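Colleague: So that we are looking at the same thing, I have put the structure below in structure tokens.
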Amino acid sequence: MNKKEIYLICRGTYDYEVALFYFENLEDAQSYVDNENNENEYYNDSKLYIKKIHKY
């Protein structure tokens, strides 16, 4: 069985967590999260973050 990693782009607080979409490449995911968090100060209390999961 071939295991593949994908990187979920999530937003959340201590009350909730929502996966918005995913990238198959960590560098692309990190670049997106960095850019969005720097540009959108409105969501200061719930920044985007990356969650790695395994897809089989």
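How things are named: the first chain in the structure tokens is A, the next is B, and so on; residues count from 1 in each chain; ligands count from 1 in the order shown.
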Quick one: residues within 12 Å of Leu8 in chain A, only C-alpha atoms counted, chain neighbours fewer than 5 positions away excluded, as a list in words?

Modeller: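 The filter keeps Glu17, Val18, Ala19, Leu20, Phe21, Tyr22, Phe23, Glu24, Asn25, Leu26, Asp28, Ala29, Gln30, Tyr32, Val33, Leu48, Tyr49, Ile50, Lys51, Lys52, Ile53, His54 and Lys55 of chain A.
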
Colleague: For the selection you just gave me, I'd like the residues written to a file as a short mmCIF file (atom, residue, chain, number, x, y, z; two decimals), in the first residue's frame, keeping N, CA, C and O atoms.

Modeller:
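Full text of part-v4.cif as output:
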data_model
loop_
_atom_site.label_atom_id
_atom_site.label_comp_id
_atom_site.auth_asym_id
_atom_site.auth_seq_id
_atom_site.Cartn_x
_atom_site.Cartn_y
_atom_site.Cartn_z
N GLU A 17 -12.43 23.75 14.40
CA GLU A 17 -11.35 23.63 13.42
C GLU A 17 -11.99 23.27 12.10
O GLU A 17 -12.83 22.36 12.04
N VAL A 18 -11.61 23.97 11.04
CA VAL A 18 -12.17 23.73 9.71
C VAL A 18 -11.04 23.55 8.72
O VAL A 18 -10.13 24.39 8.66
N ALA A 19 -11.09 22.47 7.96
CA ALA A 19 -10.14 22.27 6.86
C ALA A 19 -10.74 22.92 5.62
O ALA A 19 -11.85 22.60 5.22
N LEU A 20 -10.01 23.86 5.04
CA LEU A 20 -10.53 24.62 3.90
C LEU A 20 -10.22 23.94 2.57
O LEU A 20 -11.07 23.88 1.69
N PHE A 21 -9.02 23.45 2.41
CA PHE A 21 -8.60 22.73 1.22
C PHE A 21 -7.24 22.12 1.50
O PHE A 21 -6.77 22.16 2.63
N TYR A 22 -6.60 21.54 0.50
CA TYR A 22 -5.33 20.87 0.74
C TYR A 22 -4.33 21.09 -0.39
O TYR A 22 -4.71 21.47 -1.49
N PHE A 23 -3.07 20.86 -0.06
CA PHE A 23 -1.98 20.84 -1.03
C PHE A 23 -1.29 19.49 -0.92
O PHE A 23 -1.28 18.87 0.14
N GLU A 24 -0.71 19.06 -2.00
CA GLU A 24 0.07 17.81 -1.98
C GLU A 24 1.55 18.09 -1.76
O GLU A 24 2.33 17.17 -1.62
N ASN A 25 1.91 19.36 -1.68
CA ASN A 25 3.31 19.76 -1.55
C ASN A 25 3.44 20.69 -0.34
O ASN A 25 2.74 21.69 -0.25
N LEU A 26 4.34 20.36 0.58
CA LEU A 26 4.50 21.15 1.80
C LEU A 26 4.96 22.57 1.50
O LEU A 26 4.49 23.52 2.13
N ASP A 28 4.36 24.48 -1.10
CA ASP A 28 3.22 25.27 -1.59
C ASP A 28 2.26 25.61 -0.46
O ASP A 28 1.77 26.73 -0.36
N ALA A 29 2.01 24.64 0.40
CA ALA A 29 1.12 24.86 1.54
C ALA A 29 1.68 25.93 2.47
O ALA A 29 0.96 26.83 2.89
N GLN A 30 2.97 25.84 2.78
CA GLN A 30 3.59 26.80 3.69
C GLN A 30 3.59 28.19 3.09
O GLN A 30 3.32 29.18 3.78
N TYR A 32 1.45 29.44 0.91
CA TYR A 32 0.08 29.95 0.94
C TYR A 32 -0.29 30.45 2.34
O TYR A 32 -0.82 31.55 2.50
N VAL A 33 -0.01 29.63 3.35
CA VAL A 33 -0.35 30.00 4.73
C VAL A 33 0.39 31.26 5.15
O VAL A 33 -0.20 32.17 5.74
N LEU A 48 -4.44 30.81 9.70
CA LEU A 48 -4.37 29.55 8.97
C LEU A 48 -3.18 28.74 9.47
O LEU A 48 -2.17 29.30 9.89
N TYR A 49 -3.30 27.45 9.42
CA TYR A 49 -2.20 26.58 9.77
C TYR A 49 -2.29 25.29 8.95
O TYR A 49 -3.29 25.03 8.30
N ILE A 50 -1.22 24.52 8.98
CA ILE A 50 -1.11 23.31 8.18
C ILE A 50 -1.23 22.09 9.10
O ILE A 50 -0.65 22.06 10.17
N LYS A 51 -1.98 21.12 8.62
CA LYS A 51 -2.12 19.85 9.33
C LYS A 51 -1.79 18.73 8.34
O LYS A 51 -2.44 18.63 7.30
N LYS A 52 -0.77 17.96 8.64
CA LYS A 52 -0.35 16.88 7.75
C LYS A 52 -1.15 15.63 8.04
O LYS A 52 -1.31 15.24 9.18
N ILE A 53 -1.68 15.01 6.97
CA ILE A 53 -2.38 13.73 7.13
C ILE A 53 -1.86 12.76 6.07
O ILE A 53 -1.19 13.15 5.11
N HIS A 54 -2.15 11.51 6.27
CA HIS A 54 -1.72 10.47 5.33
C HIS A 54 -2.93 9.97 4.54
O HIS A 54 -3.98 9.73 5.11
N LYS A 55 -2.74 9.87 3.25
CA LYS A 55 -3.77 9.37 2.35
C LYS A 55 -3.30 8.03 1.81
O LYS A 55 -2.15 7.92 1.37
#

Colleague: Which parts of chain A does DSSP call helix (DSSP H, G or I) when run on the backbone here, written out as a PDB file with N, CA, C and O atoms, in the first residue's frame?

Modeller:
ATOM      1  N   LEU A  26       4.345  20.355   0.576  1.00  0.00           N
ATOM      2  CA  LEU A  26       4.502  21.147   1.798  1.00  0.00           C
ATOM      3  C   LEU A  26       4.963  22.570   1.502  1.00  0.00           C
ATOM      4  O   LEU A  26       4.492  23.519   2.128  1.00  0.00           O
ATOM      5  N   GLU A  27       5.853  22.755   0.561  1.00  0.00           N
ATOM      6  CA  GLU A  27       6.351  24.096   0.253  1.00  0.00           C
ATOM      7  C   GLU A  27       5.236  25.011  -0.246  1.00  0.00           C
ATOM      8  O   GLU A  27       5.163  26.178   0.138  1.00  0.00           O
ATOM      9  N   ASP A  28       4.357  24.479  -1.101  1.00  0.00           N
ATOM     10  CA  ASP A  28       3.225  25.269  -1.591  1.00  0.00           C
ATOM     11  C   ASP A  28       2.261  25.609  -0.458  1.00  0.00           C
ATOM     12  O   ASP A  28       1.767  26.734  -0.357  1.00  0.00           O
ATOM     13  N   ALA A  29       2.010  24.639   0.403  1.00  0.00           N
ATOM     14  CA  ALA A  29       1.115  24.863   1.540  1.00  0.00           C
ATOM     15  C   ALA A  29       1.679  25.930   2.470  1.00  0.00           C
ATOM     16  O   ALA A  29       0.961  26.833   2.891  1.00  0.00           O
ATOM     17  N   GLN A  30       2.971  25.837   2.779  1.00  0.00           N
ATOM     18  CA  GLN A  30       3.586  26.799   3.691  1.00  0.00           C
ATOM     19  C   GLN A  30       3.594  28.195   3.093  1.00  0.00           C
ATOM     20  O   GLN A  30       3.319  29.178   3.778  1.00  0.00           O
ATOM     21  N   SER A  31       3.868  28.301   1.816  1.00  0.00           N
ATOM     22  CA  SER A  31       3.865  29.594   1.140  1.00  0.00           C
ATOM     23  C   SER A  31       2.471  30.229   1.181  1.00  0.00           C
ATOM     24  O   SER A  31       2.325  31.422   1.462  1.00  0.00           O
ATOM     25  N   TYR A  32       1.450  29.443   0.914  1.00  0.00           N
ATOM     26  CA  TYR A  32       0.082  29.953   0.939  1.00  0.00           C
ATOM     27  C   TYR A  32      -0.288  30.447   2.337  1.00  0.00           C
ATOM     28  O   TYR A  32      -0.820  31.547   2.504  1.00  0.00           O
ATOM     29  N   VAL A  33      -0.014  29.630   3.348  1.00  0.00           N
ATOM     30  CA  VAL A  33      -0.349  29.995   4.725  1.00  0.00           C
ATOM     31  C   VAL A  33       0.388  31.265   5.149  1.00  0.00           C
ATOM     32  O   VAL A  33      -0.203  32.170   5.735  1.00  0.00           O
ATOM     33  N   ASP A  34       1.674  31.347   4.840  1.00  0.00           N
ATOM     34  CA  ASP A  34       2.447  32.540   5.200  1.00  0.00           C
ATOM     35  C   ASP A  34       1.881  33.790   4.546  1.00  0.00           C
ATOM     36  O   ASP A  34       1.705  34.822   5.196  1.00  0.00           O
ATOM     37  N   ASN A  35       1.586  33.706   3.256  1.00  0.00           N
ATOM     38  CA  ASN A  35       1.049  34.858   2.529  1.00  0.00           C
ATOM     39  C   ASN A  35      -0.307  35.280   3.075  1.00  0.00           C
ATOM     40  O   ASN A  35      -0.555  36.472   3.295  1.00  0.00           O
ATOM     41  N   GLU A  36      -1.200  34.335   3.291  1.00  0.00           N
ATOM     42  CA  GLU A  36      -2.541  34.663   3.787  1.00  0.00           C
ATOM     43  C   GLU A  36      -2.498  35.239   5.199  1.00  0.00           C
ATOM     44  O   GLU A  36      -3.210  36.183   5.506  1.00  0.00           O
ATOM     45  N   ASN A  37      -1.673  34.665   6.058  1.00  0.00           N
ATOM     46  CA  ASN A  37      -1.605  35.157   7.435  1.00  0.00           C
ATOM     47  C   ASN A  37      -0.999  36.549   7.500  1.00  0.00           C
ATOM     48  O   ASN A  37      -1.382  37.346   8.349  1.00  0.00           O
ATOM     49  N   ASN A  38      -0.084  36.861   6.600  1.00  0.00           N
ATOM     50  CA  ASN A  38       0.519  38.196   6.579  1.00  0.00           C
ATOM     51  C   ASN A  38      -0.420  39.242   5.996  1.00  0.00           C
ATOM     52  O   ASN A  38      -0.395  40.396   6.409  1.00  0.00           O
ATOM     53  N   GLU A  39      -1.261  38.857   5.042  1.00  0.00           N
ATOM     54  CA  GLU A  39      -2.133  39.807   4.362  1.00  0.00           C
ATOM     55  C   GLU A  39      -3.460  40.032   5.063  1.00  0.00           C
ATOM     56  O   GLU A  39      -4.070  41.082   4.915  1.00  0.00           O
ATOM     57  N   GLU A  41      -5.102  40.508   8.340  1.00  0.00           N
ATOM     58  CA  GLU A  41      -5.067  40.771   9.773  1.00  0.00           C
ATOM     59  C   GLU A  41      -6.451  40.637  10.413  1.00  0.00           C
ATOM     60  O   GLU A  41      -6.576  40.553  11.621  1.00  0.00           O
ATOM     61  N   TYR A  42      -7.489  40.597   9.599  1.00  0.00           N
ATOM     62  CA  TYR A  42      -8.855  40.464  10.107  1.00  0.00           C
ATOM     63  C   TYR A  42      -9.030  39.183  10.913  1.00  0.00           C
ATOM     64  O   TYR A  42      -9.743  39.137  11.897  1.00  0.00           O
ATOM     65  N   TYR A  43      -8.363  38.110  10.467  1.00  0.00           N
ATOM     66  CA  TYR A  43      -8.482  36.808  11.128  1.00  0.00           C
ATOM     67  C   TYR A  43      -7.379  36.596  12.160  1.00  0.00           C
ATOM     68  O   TYR A  43      -6.906  35.492  12.354  1.00  0.00           O
TER      69      TYR A  43
END

Colleague: May I have all residues of chain A that DSSP, computed from the backbone, assigns to strand (DSSP E), given as a list in words?

Modeller: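 So the strand (DSSP E) residues in chain A would be Lys4, Glu5, Ile6, Tyr7, Leu8, Ile9, Cys10, Arg11, Gly12, Glu17, Val18, Ala19, Leu20, Phe21, Tyr22, Phe23, Leu48, Tyr49, Ile50, Lys51, Lys52, Ile53, His54 and Lys55 of chain A.
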
Colleague: Any idea what's packed within 9 Å of Tyr56 in chain A, counting only C-alpha atoms, ignoring anything in its chain fewer than 3 positions away? Could you give it as a list in words?

Modeller: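 Neighbouring residues, sequence-local ones excluded: Met1, Asn2, Lys3, Lys4 and Glu5 of chain A.
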
Colleague: Based on the selection just made, write C-alpha atoms of those residues as a short mmCIF file (atom, residue, chain, number, x, y, z; two decimals), in the first residue's frame.

Modeller:
data_model
loop_
_atom_site.label_atom_id
_atom_site.label_comp_id
_atom_site.auth_asym_id
_atom_site.auth_seq_id
_atom_site.Cartn_x
_atom_site.Cartn_y
_atom_site.Cartn_z
CA MET A 1 0.00 0.00 0.00
CA ASN A 2 1.42 3.36 -1.05
CA LYS A 3 1.05 6.04 1.62
CA LYS A 4 0.89 9.65 0.44
CA GLU A 5 1.05 12.78 2.59
#
